[in-house]
Structure formats: structure tokens, C-alpha cells
$ cat coords38.csv   # CSV, C-alpha atoms
chain,number,residue,atom,x,y,z
A,1,MET,CA,86.4,88.7,97.6
A,2,GLY,CA,87.6,89.5,94.1
A,3,ASP,CA,88.6,87.2,91.3
A,4,THR,CA,90.6,84.5,93.0
A,5,ASN,CA,92.5,83.9,89.7
A,6,SER,CA,93.9,87.4,89.5
A,7,PRO,CA,95.7,88.9,92.5
A,8,LEU,CA,95.4,92.6,93.3
A,9,ILE,CA,99.1,92.6,94.3
A,10,CYS,CA,101.7,90.1,93.2
A,11,ALA,CA,105.1,90.3,94.8
A,12,ASP,CA,107.6,87.8,93.4
A,13,SER,CA,111.1,86.9,94.7
A,14,ILE,CA,111.6,90.2,96.7
A,15,VAL,CA,115.1,90.7,97.9
A,16,LYS,CA,116.3,93.5,100.2
A,17,SER,CA,119.6,94.1,101.8
A,18,TYR,CA,121.6,97.0,103.3
A,19,PRO,CA,125.3,97.6,102.9
A,20,GLN,CA,127.5,97.1,106.0
A,21,GLY,CA,130.5,99.1,107.1
A,22,ASP,CA,132.8,96.1,106.4
A,23,GLY,CA,131.8,96.0,102.8
A,24,GLY,CA,129.4,93.2,103.3
A,25,GLU,CA,125.6,93.2,103.2
A,26,LEU,CA,122.9,92.7,105.7
A,27,GLN,CA,120.2,90.5,104.1
A,28,ILE,CA,116.7,91.6,105.2
A,29,LEU,CA,114.4,89.8,102.7
A,30,ARG,CA,115.5,86.6,101.0
A,31,GLY,CA,113.3,86.2,98.0
A,32,LEU,CA,109.8,86.6,99.4
A,33,SER,CA,106.8,86.1,97.2
A,34,LEU,CA,103.1,86.9,98.1
A,35,ASP,CA,99.8,87.3,96.2
A,36,ILE,CA,97.2,89.5,97.8
A,37,TYR,CA,93.6,89.3,96.5
A,38,GLU,CA,90.8,91.9,96.5
A,39,GLY,CA,88.9,91.9,99.8
A,40,GLU,CA,91.4,89.6,101.5
A,41,ALA,CA,92.4,90.0,105.1
A,42,LEU,CA,95.9,88.7,106.0
A,43,CYS,CA,98.3,89.1,108.8
A,44,ILE,CA,102.1,88.9,108.7
A,45,LEU,CA,103.3,87.7,112.0
A,46,GLY,CA,106.9,87.6,113.3
A,47,SER,CA,109.3,88.8,116.0
A,48,SER,CA,111.1,92.1,115.8
A,49,GLY,CA,113.8,92.1,113.1
A,50,ALA,CA,112.1,89.4,111.0
A,51,GLY,CA,111.8,91.7,108.1
A,52,LYS,CA,108.0,92.1,108.1
A,53,SER,CA,107.9,95.9,108.3
A,54,THR,CA,110.5,96.2,105.4
A,55,PHE,CA,108.3,93.8,103.3
A,56,LEU,CA,105.2,95.9,104.1
A,57,GLN,CA,107.0,99.1,103.0
A,58,ILE,CA,108.0,97.4,99.7
A,59,LEU,CA,104.5,96.1,99.1
A,60,GLY,CA,103.3,99.6,99.6
A,61,THR,CA,106.0,101.1,97.4
A,62,LEU,CA,107.5,103.1,100.2
A,63,ASP,CA,110.8,101.3,99.6
A,64,ARG,CA,112.3,99.5,96.6
A,65,PRO,CA,113.9,96.0,96.7
A,66,GLN,CA,117.3,95.1,95.2
A,67,SER,CA,115.5,92.6,93.0
A,68,GLY,CA,112.1,91.0,92.4
A,69,GLN,CA,108.9,92.0,90.9
A,70,LEU,CA,105.9,93.9,92.2
A,71,LEU,CA,102.6,94.0,90.2
A,72,PHE,CA,99.3,95.8,91.0
A,73,HIS,CA,96.6,94.5,88.8
A,74,ASN,CA,99.4,93.4,86.5
A,75,ARG,CA,100.9,96.9,86.4
A,76,ASP,CA,104.7,96.8,87.1
A,77,LEU,CA,105.1,99.2,90.0
A,78,LEU,CA,108.9,99.0,90.1
A,79,LYS,CA,109.2,100.5,86.6
A,80,MET,CA,107.4,103.7,87.8
A,81,ASP,CA,109.5,106.7,88.9
A,82,ASP,CA,109.1,108.1,92.4
A,83,ASP,CA,106.7,110.8,91.4
A,84,GLU,CA,104.4,108.4,89.5
A,85,LEU,CA,104.5,106.0,92.5
A,86,ALA,CA,103.6,108.8,94.9
A,87,LEU,CA,100.5,109.6,92.9
A,88,PHE,CA,99.6,105.9,92.5
A,89,ARG,CA,100.1,105.2,96.2
A,90,ASN,CA,97.9,108.2,97.2
A,91,GLU,CA,95.1,106.8,95.1
A,92,LYS,CA,95.3,103.1,95.6
A,93,MET,CA,96.8,102.5,99.0
A,94,GLY,CA,96.2,103.5,102.6
A,95,PHE,CA,98.7,103.2,105.4
A,96,VAL,CA,98.4,103.1,109.2
A,97,PHE,CA,101.5,102.9,111.4
A,98,GLN,CA,102.2,102.3,115.1
A,99,PHE,CA,102.5,106.0,115.6
A,100,HIS,CA,99.8,108.2,114.0
A,101,HIS,CA,102.0,110.6,112.2
A,102,LEU,CA,99.4,113.4,112.2
A,103,LEU,CA,100.5,117.0,111.6
A,104,ALA,CA,100.3,118.9,115.0
A,105,GLU,CA,99.4,122.2,113.4
A,106,PHE,CA,96.3,120.8,111.6
A,107,ASN,CA,93.1,119.7,113.3
A,108,ALA,CA,91.6,116.2,112.8
A,109,LEU,CA,89.5,117.3,109.8
A,110,GLU,CA,92.4,119.0,108.1
A,111,ASN,CA,94.7,116.0,108.7
A,112,VAL,CA,92.2,113.6,107.1
A,113,MET,CA,91.7,116.0,104.1
A,114,ILE,CA,95.4,116.0,103.2
A,115,PRO,CA,95.4,113.1,100.8
A,116,CYS,CA,92.4,114.5,98.9
A,117,ARG,CA,94.0,117.9,98.6
A,118,ILE,CA,97.2,116.4,97.3
A,119,ALA,CA,95.1,114.6,94.7
A,120,GLY,CA,93.7,118.0,93.6
A,121,GLN,CA,90.2,117.6,95.0
A,122,SER,CA,88.3,120.8,96.0
A,123,VAL,CA,88.2,121.9,99.6
A,124,ARG,CA,84.5,121.2,99.7
A,125,GLU,CA,84.8,117.7,98.3
A,126,ALA,CA,87.7,116.9,100.6
A,127,LYS,CA,86.0,118.3,103.6
A,128,GLY,CA,82.8,116.3,102.9
A,129,ARG,CA,84.6,113.0,102.5
A,130,ALA,CA,86.8,113.6,105.5
A,131,SER,CA,83.9,114.6,107.7
A,132,GLU,CA,81.9,111.5,106.7
A,133,LEU,CA,84.8,109.2,107.7
A,134,LEU,CA,85.4,110.9,111.0
A,135,TYR,CA,81.8,110.6,111.9
A,136,GLN,CA,81.9,106.9,111.0
A,137,MET,CA,84.9,106.6,113.3
A,138,GLY,CA,82.8,108.1,116.2
A,139,LEU,CA,84.8,111.3,116.1
A,140,GLY,CA,82.0,113.7,115.0
A,141,GLU,CA,82.7,115.9,118.0
A,142,ARG,CA,86.4,116.0,117.4
A,143,LEU,CA,86.7,117.5,113.9
A,144,ALA,CA,88.2,120.8,115.2
A,145,HIS,CA,90.4,119.2,117.8
A,146,TYR,CA,94.2,119.2,117.3
A,147,PRO,CA,96.3,116.1,117.9
A,148,ALA,CA,97.5,117.3,121.3
A,149,GLN,CA,93.8,117.4,122.3
A,150,LEU,CA,93.1,113.8,121.3
A,151,SER,CA,93.6,110.5,123.2
A,152,GLY,CA,95.8,107.7,121.8
A,153,GLY,CA,92.8,105.8,120.5
A,154,GLU,CA,91.3,108.9,118.9
A,155,LEU,CA,94.6,109.7,117.2
A,156,GLN,CA,94.8,106.3,115.7
A,157,ARG,CA,91.2,106.5,114.4
A,158,VAL,CA,92.0,109.9,112.8
A,159,ALA,CA,95.0,108.2,111.2
A,160,ILE,CA,92.8,105.4,109.9
A,161,ALA,CA,90.3,107.9,108.5
A,162,ARG,CA,93.2,109.6,106.7
A,163,ALA,CA,94.3,106.3,105.2
A,164,LEU,CA,90.8,105.6,103.9
A,165,VAL,CA,89.8,109.0,102.6
A,166,ARG,CA,90.9,108.3,99.0
A,167,ARG,CA,89.0,104.9,99.1
A,168,PRO,CA,92.1,102.8,98.5
A,169,LYS,CA,92.0,99.2,97.2
A,170,VAL,CA,94.3,98.0,100.0
A,171,LEU,CA,95.0,99.2,103.6
A,172,PHE,CA,98.5,98.4,105.0
A,173,ALA,CA,98.9,98.6,108.8
A,174,ASP,CA,102.2,98.2,110.6
A,175,GLU,CA,101.8,97.4,114.3
A,176,PRO,CA,98.7,99.6,114.4
A,177,THR,CA,97.8,98.8,118.0
A,178,GLY,CA,101.3,98.5,119.4
A,179,ASN,CA,101.1,101.9,121.1
A,180,LEU,CA,97.6,101.5,122.6
A,181,ASP,CA,96.2,100.2,125.9
A,182,MET,CA,94.2,97.0,125.8
A,183,GLN,CA,90.8,98.6,125.5
A,184,ASN,CA,91.7,100.9,122.7
A,185,SER,CA,93.7,98.1,121.0
A,186,GLN,CA,90.6,95.9,120.9
A,187,ARG,CA,88.5,98.7,119.6
A,188,ILE,CA,90.9,99.5,116.7
A,189,GLN,CA,91.3,95.8,115.9
A,190,ASP,CA,87.5,95.5,115.5
A,191,LEU,CA,87.4,98.7,113.5
A,192,PHE,CA,89.8,97.4,110.9
A,193,PHE,CA,87.6,94.4,110.2
A,194,GLU,CA,84.4,96.5,110.1
A,195,LEU,CA,86.0,98.9,107.6
A,196,LYS,CA,87.4,96.0,105.5
A,197,GLU,CA,83.8,94.7,105.1
A,198,HIS,CA,82.2,98.1,104.6
A,199,TYR,CA,84.7,99.3,101.9
A,200,GLY,CA,85.6,95.9,100.4
A,201,LEU,CA,89.3,96.6,100.6
A,202,ALA,CA,92.2,94.2,101.1
A,203,LEU,CA,93.7,94.4,104.6
A,204,VAL,CA,97.3,93.6,105.2
A,205,VAL,CA,98.5,93.9,108.9
A,206,VAL,CA,102.0,93.4,110.3
A,207,THR,CA,102.1,92.5,114.0
A,208,HIS,CA,103.9,90.5,116.6
A,209,ASP,CA,100.6,90.4,118.7
A,210,LEU,CA,99.4,86.8,118.5
A,211,VAL,CA,96.0,87.6,119.8
A,212,PHE,CA,95.4,90.1,117.0
A,213,ALA,CA,96.9,87.8,114.4
A,214,GLN,CA,94.5,85.0,115.3
A,215,LYS,CA,91.5,87.1,114.3
A,216,PHE,CA,92.7,86.9,110.6
A,217,PRO,CA,91.6,84.1,108.3
A,218,LYS,CA,95.1,84.0,106.8
A,219,ILE,CA,98.3,84.2,108.9
A,220,LEU,CA,101.8,84.2,107.3
A,221,ARG,CA,104.7,83.8,109.7
A,222,MET,CA,108.1,85.4,108.8
A,223,LYS,CA,111.5,84.6,110.3
A,224,ASP,CA,114.9,85.9,109.1
A,225,GLY,CA,113.4,87.5,106.0
A,226,GLN,CA,111.7,84.3,104.8
A,227,TRP,CA,108.3,82.6,105.3
A,228,ALA,CA,108.6,80.3,108.3

$ encode --input "coords38.csv" --output "C-alpha cells"
Amino acid sequence: MGDTNSPLICADSIVKSYPQGDGGELQILRGLSLDIYEGEALCILGSSGAGKSTFLQILGTLDRPQSGQLLFHNRDLLKMDDDELALFRNEKMGFVFQFHHLLAEFNALENVMIPCRIAGQSVREAKGRASELLYQMGLGERLAHYPAQLSGGELQRVAIARALVRRPKVLFADEPTGNLDMQNSQRIQDLFFELKEHYGLALVVVTHDLVFAQKFPKILRMKDGQWA
């Protein structure tokens, strides 16, 4: 754990709404606040439509709120422009979603190398770091395989390797086991905690899977855009 007095991420009074056709607004997040500390593992639990995925996207700077504040080590992320945020996100944050979002025309190794190449790292350095992670994921024999040649569990492990290849401070995961069978789901769940300990990163997972949620030392329940 990091310094318990200084959050890694501080979200304060986050509000998000979308305009409706009748001129009104659909309120998604109603003033949510959350502190996330280095090395912490927490789960945001809630039913579909509770607003948890929207909140995760705002925490990860993939979306912007109507109002509120978002700090990363006391740096005001909402004052950064989109290009600055993209570079910051690529360096400090990793993302895993329910669907792997791998590029079909690239093999496993090339997919994992992408964040490194975006950051300007050499092909040699990117390949070395990507290979190391894929071997760690038990995919050493799959480096040259394309997404169409991989199983669902393997695809998600490649996606996790891609999320970690820049050694982020925090890993965000949105329903990361929602598309997997029970055996692969269990394996991916265990892998998240192993990687959190190995890399010392913060882990923030959104799910509606109560069994998965109960493995976390900290569970936050969301309902109708608020903490329940």
C-alpha cells in the first residue's frame, strides 16, 4: 500500500448526465466521490444501468463529467486537453474490458506492443517487454498467433498484458470476466490479484458478479448513480 494520507486518484462530486430528446437530461452520476490509493484493490458492484461503467470511464479519463474534480497525485486531469490526457493515460493507466478489443490484423505480440510504440519506445524494447508479459501470462507459445486463433481466455490474457505493458499505476477493469466460461473466469480473476501484488498497482474492477466482488477487500455498491 502507498501513503494512506495521499490518494493516487481523488474523484470529487462527479456529475454526469446526457441530454434527452424532450429537452431534459438523463442523470447518470449524481455527485460521486472516491479516493483510490496506491496498491489498493477495490470493486464497484451494481446492477446494469447503475452508472458504474460510466464512472470507471471518467476515473480513467475516457470520458469527462459535467462537473466535479479528478486528481491524479494532486494533478488536475480535467484541465488537460484530449491529447495530453491520451499520453497521460497511456503511461499511467491500464484498461481491460469485457471484450478484448484486440486488433485482428496483429498477432498477440504485436497487439501487446502497441502502447509502447505509441509512447515512442523502440521496436526492440517494446518487443522485449511485451514478450516478458505474455510469457508471464502463460502465453509463451502464442506470441505469433492472431486473435482468431486464440480462445476466449487467451484473448483476455493478451488484453491484460497489453494493459500492463507500460507498467501503469492503476488497472481499470470493466466486467473483465463477463464474456468467459466459469473455468476461464476463475483463472482471470486469480490472475488480476497475482498481477496486482507483483506490480504493486491499484486495481479497480467494475462487475455485477457477486462471487468475484467478494474476493476484494473493499466493495462499493452503486445504485442509480450514487453509492448505495

$ atom_distance --input "coords38.csv" --atom1 "CA of Leu78 (chain A)" --atom2 "CA of Val165 (chain A)"
24.9 Å

$ residues_around --input "coords38.csv" --residues "region 58-73 of chain A" --least-positions-apart "3" --cutoff "6 Å" --atoms "only C-alpha atoms" --output "list in words"
Leu8, Ile9, Cys10, Ala11, Asp12, Ser13, Ile14, Val15, Lys16, Phe55, Asp76 and Leu77 of chain A

$ atom_distance --input "coords38.csv" --atom1 "CA of Ile219 (chain A)" --atom2 "CA of Leu155 (chain A)"
27.1 Å

$ residues_around --input "coords38.csv" --residues "Leu180 (chain A)" --least-positions-apart "6" --cutoff "12 Å" --atoms "all atoms listed in the file" --output "PyMOL selection string"
chain A and resi 97-100+151-157+186-189

$ residues_around --input "coords38.csv" --residues "Lys196 (chain A)" --least-positions-apart "3" --cutoff "9 Å" --atoms "all atoms listed in the file" --output "list in words"
Gly39, Glu40, Ala41, Leu171, Leu191, Phe192, Phe193, Tyr199, Gly200, Leu201, Ala202 and Leu203 of chain A

$ closest_residue --input "coords38.csv" --among "A:Glu132, A:Asp209, A:Glu125, A:Glu141" --to "Ser185 (chain A)" --atoms "all atoms listed in the file"
A:Asp209

$ residues_near_point --input "coords38.csv" --point "(92.3, 115.5, 108.6)" --cutoff "9 Å" --atoms "all atoms listed in the file" --output "ChimeraX atom specification"
/A:102-103,106-115,127,130-131,134,143,158-159,161-162

$ residues_near_point --input "coords38.csv" --point "(95.8, 102.3, 96.9)" --cutoff "6 Å" --atoms "all atoms listed in the file" --output "MDAnalysis selection string"
chainID A and resid 89 91:94 168:170

$ decode --input "coords38.csv" --residues "region 75-100 of chain A" --atoms "N, CA, C and O atoms" --output "PDB file, in the first residue's frame"
ATOM      1  N   ARG A  75      -2.655  16.123  -9.416  1.00  0.00           N
ATOM      2  CA  ARG A  75      -2.648  16.771 -10.737  1.00  0.00           C
ATOM      3  C   ARG A  75      -4.077  16.792 -11.278  1.00  0.00           C
ATOM      4  O   ARG A  75      -4.735  15.749 -11.330  1.00  0.00           O
ATOM      5  N   ASP A  76      -4.547  17.965 -11.670  1.00  0.00           N
ATOM      6  CA  ASP A  76      -5.925  18.133 -12.125  1.00  0.00           C
ATOM      7  C   ASP A  76      -6.071  17.626 -13.556  1.00  0.00           C
ATOM      8  O   ASP A  76      -5.696  18.304 -14.522  1.00  0.00           O
ATOM      9  N   LEU A  77      -6.640  16.420 -13.698  1.00  0.00           N
ATOM     10  CA  LEU A  77      -6.718  15.799 -15.022  1.00  0.00           C
ATOM     11  C   LEU A  77      -7.730  16.484 -15.932  1.00  0.00           C
ATOM     12  O   LEU A  77      -7.566  16.495 -17.155  1.00  0.00           O
ATOM     13  N   LEU A  78      -8.779  17.068 -15.359  1.00  0.00           N
ATOM     14  CA  LEU A  78      -9.833  17.652 -16.184  1.00  0.00           C
ATOM     15  C   LEU A  78      -9.420  18.984 -16.809  1.00  0.00           C
ATOM     16  O   LEU A  78     -10.122  19.509 -17.674  1.00  0.00           O
ATOM     17  N   LYS A  79      -8.264  19.507 -16.406  1.00  0.00           N
ATOM     18  CA  LYS A  79      -7.745  20.725 -17.025  1.00  0.00           C
ATOM     19  C   LYS A  79      -6.823  20.415 -18.203  1.00  0.00           C
ATOM     20  O   LYS A  79      -6.382  21.325 -18.903  1.00  0.00           O
ATOM     21  N   MET A  80      -6.537  19.131 -18.421  1.00  0.00           N
ATOM     22  CA  MET A  80      -5.688  18.724 -19.540  1.00  0.00           C
ATOM     23  C   MET A  80      -6.539  18.578 -20.796  1.00  0.00           C
ATOM     24  O   MET A  80      -7.716  18.211 -20.724  1.00  0.00           O
ATOM     25  N   ASP A  81      -5.941  18.876 -21.970  1.00  0.00           N
ATOM     26  CA  ASP A  81      -6.694  18.689 -23.211  1.00  0.00           C
ATOM     27  C   ASP A  81      -6.647  17.215 -23.610  1.00  0.00           C
ATOM     28  O   ASP A  81      -5.964  16.397 -22.990  1.00  0.00           O
ATOM     29  N   ASP A  82      -7.382  16.854 -24.646  1.00  0.00           N
ATOM     30  CA  ASP A  82      -7.539  15.443 -25.012  1.00  0.00           C
ATOM     31  C   ASP A  82      -6.217  14.789 -25.389  1.00  0.00           C
ATOM     32  O   ASP A  82      -5.977  13.618 -25.055  1.00  0.00           O
ATOM     33  N   ASP A  83      -5.341  15.516 -26.081  1.00  0.00           N
ATOM     34  CA  ASP A  83      -4.048  14.951 -26.477  1.00  0.00           C
ATOM     35  C   ASP A  83      -3.163  14.695 -25.256  1.00  0.00           C
ATOM     36  O   ASP A  83      -2.500  13.656 -25.159  1.00  0.00           O
ATOM     37  N   GLU A  84      -3.138  15.646 -24.332  1.00  0.00           N
ATOM     38  CA  GLU A  84      -2.368  15.475 -23.101  1.00  0.00           C
ATOM     39  C   GLU A  84      -2.889  14.283 -22.302  1.00  0.00           C
ATOM     40  O   GLU A  84      -2.111  13.480 -21.783  1.00  0.00           O
ATOM     41  N   LEU A  85      -4.217  14.183 -22.229  1.00  0.00           N
ATOM     42  CA  LEU A  85      -4.825  13.083 -21.484  1.00  0.00           C
ATOM     43  C   LEU A  85      -4.499  11.730 -22.112  1.00  0.00           C
ATOM     44  O   LEU A  85      -4.265  10.752 -21.398  1.00  0.00           O
ATOM     45  N   ALA A  86      -4.492  11.673 -23.429  1.00  0.00           N
ATOM     46  CA  ALA A  86      -4.191  10.410 -24.112  1.00  0.00           C
ATOM     47  C   ALA A  86      -2.781   9.928 -23.770  1.00  0.00           C
ATOM     48  O   ALA A  86      -2.566   8.733 -23.501  1.00  0.00           O
ATOM     49  N   LEU A  87      -1.817  10.832 -23.767  1.00  0.00           N
ATOM     50  CA  LEU A  87      -0.440  10.479 -23.416  1.00  0.00           C
ATOM     51  C   LEU A  87      -0.341  10.071 -21.950  1.00  0.00           C
ATOM     52  O   LEU A  87       0.339   9.098 -21.600  1.00  0.00           O
ATOM     53  N   PHE A  88      -1.013  10.830 -21.094  1.00  0.00           N
ATOM     54  CA  PHE A  88      -1.009  10.537 -19.665  1.00  0.00           C
ATOM     55  C   PHE A  88      -1.618   9.163 -19.390  1.00  0.00           C
ATOM     56  O   PHE A  88      -1.069   8.355 -18.641  1.00  0.00           O
ATOM     57  N   ARG A  89      -2.756   8.905 -20.020  1.00  0.00           N
ATOM     58  CA  ARG A  89      -3.480   7.642 -19.846  1.00  0.00           C
ATOM     59  C   ARG A  89      -2.619   6.464 -20.292  1.00  0.00           C
ATOM     60  O   ARG A  89      -2.578   5.421 -19.629  1.00  0.00           O
ATOM     61  N   ASN A  90      -1.934   6.613 -21.397  1.00  0.00           N
ATOM     62  CA  ASN A  90      -1.103   5.540 -21.945  1.00  0.00           C
ATOM     63  C   ASN A  90       0.048   5.184 -21.010  1.00  0.00           C
ATOM     64  O   ASN A  90       0.503   4.042 -20.968  1.00  0.00           O
ATOM     65  N   GLU A  91       0.493   6.172 -20.242  1.00  0.00           N
ATOM     66  CA  GLU A  91       1.618   5.951 -19.333  1.00  0.00           C
ATOM     67  C   GLU A  91       1.182   5.451 -17.959  1.00  0.00           C
ATOM     68  O   GLU A  91       1.823   4.584 -17.368  1.00  0.00           O
ATOM     69  N   LYS A  92       0.093   5.988 -17.436  1.00  0.00           N
ATOM     70  CA  LYS A  92      -0.255   5.770 -16.031  1.00  0.00           C
ATOM     71  C   LYS A  92      -1.391   4.787 -15.792  1.00  0.00           C
ATOM     72  O   LYS A  92      -1.570   4.324 -14.673  1.00  0.00           O
ATOM     73  N   MET A  93      -2.188   4.486 -16.824  1.00  0.00           N
ATOM     74  CA  MET A  93      -3.401   3.699 -16.629  1.00  0.00           C
ATOM     75  C   MET A  93      -3.476   2.531 -17.612  1.00  0.00           C
ATOM     76  O   MET A  93      -3.061   2.657 -18.758  1.00  0.00           O
ATOM     77  N   GLY A  94      -4.005   1.421 -17.127  1.00  0.00           N
ATOM     78  CA  GLY A  94      -4.273   0.279 -17.993  1.00  0.00           C
ATOM     79  C   GLY A  94      -5.757  -0.051 -17.940  1.00  0.00           C
ATOM     80  O   GLY A  94      -6.411   0.189 -16.921  1.00  0.00           O
ATOM     81  N   PHE A  95      -6.274  -0.608 -19.039  1.00  0.00           N
ATOM     82  CA  PHE A  95      -7.709  -0.890 -19.136  1.00  0.00           C
ATOM     83  C   PHE A  95      -7.949  -2.291 -19.685  1.00  0.00           C
ATOM     84  O   PHE A  95      -7.316  -2.704 -20.660  1.00  0.00           O
ATOM     85  N   VAL A  96      -8.901  -2.988 -19.058  1.00  0.00           N
ATOM     86  CA  VAL A  96      -9.367  -4.278 -19.559  1.00  0.00           C
ATOM     87  C   VAL A  96     -10.892  -4.227 -19.568  1.00  0.00           C
ATOM     88  O   VAL A  96     -11.508  -3.845 -18.565  1.00  0.00           O
ATOM     89  N   PHE A  97     -11.483  -4.609 -20.696  1.00  0.00           N
ATOM     90  CA  PHE A  97     -12.930  -4.548 -20.837  1.00  0.00           C
ATOM     91  C   PHE A  97     -13.506  -5.957 -20.988  1.00  0.00           C
ATOM     92  O   PHE A  97     -12.774  -6.942 -21.078  1.00  0.00           O
ATOM     93  N   GLN A  98     -14.827  -6.044 -21.035  1.00  0.00           N
ATOM     94  CA  GLN A  98     -15.485  -7.347 -21.185  1.00  0.00           C
ATOM     95  C   GLN A  98     -15.066  -8.014 -22.497  1.00  0.00           C
ATOM     96  O   GLN A  98     -14.841  -9.212 -22.555  1.00  0.00           O
ATOM     97  N   PHE A  99     -14.953  -7.211 -23.551  1.00  0.00           N
ATOM     98  CA  PHE A  99     -14.475  -7.697 -24.837  1.00  0.00           C
ATOM     99  C   PHE A  99     -13.042  -7.233 -25.022  1.00  0.00           C
ATOM    100  O   PHE A  99     -12.691  -6.110 -24.657  1.00  0.00           O
ATOM    101  N   HIS A 100     -12.221  -8.079 -25.581  1.00  0.00           N
ATOM    102  CA  HIS A 100     -10.770  -7.873 -25.559  1.00  0.00           C
ATOM    103  C   HIS A 100     -10.292  -6.679 -26.380  1.00  0.00           C
ATOM    104  O   HIS A 100      -9.266  -6.084 -26.084  1.00  0.00           O
TER     105      HIS A 100
END
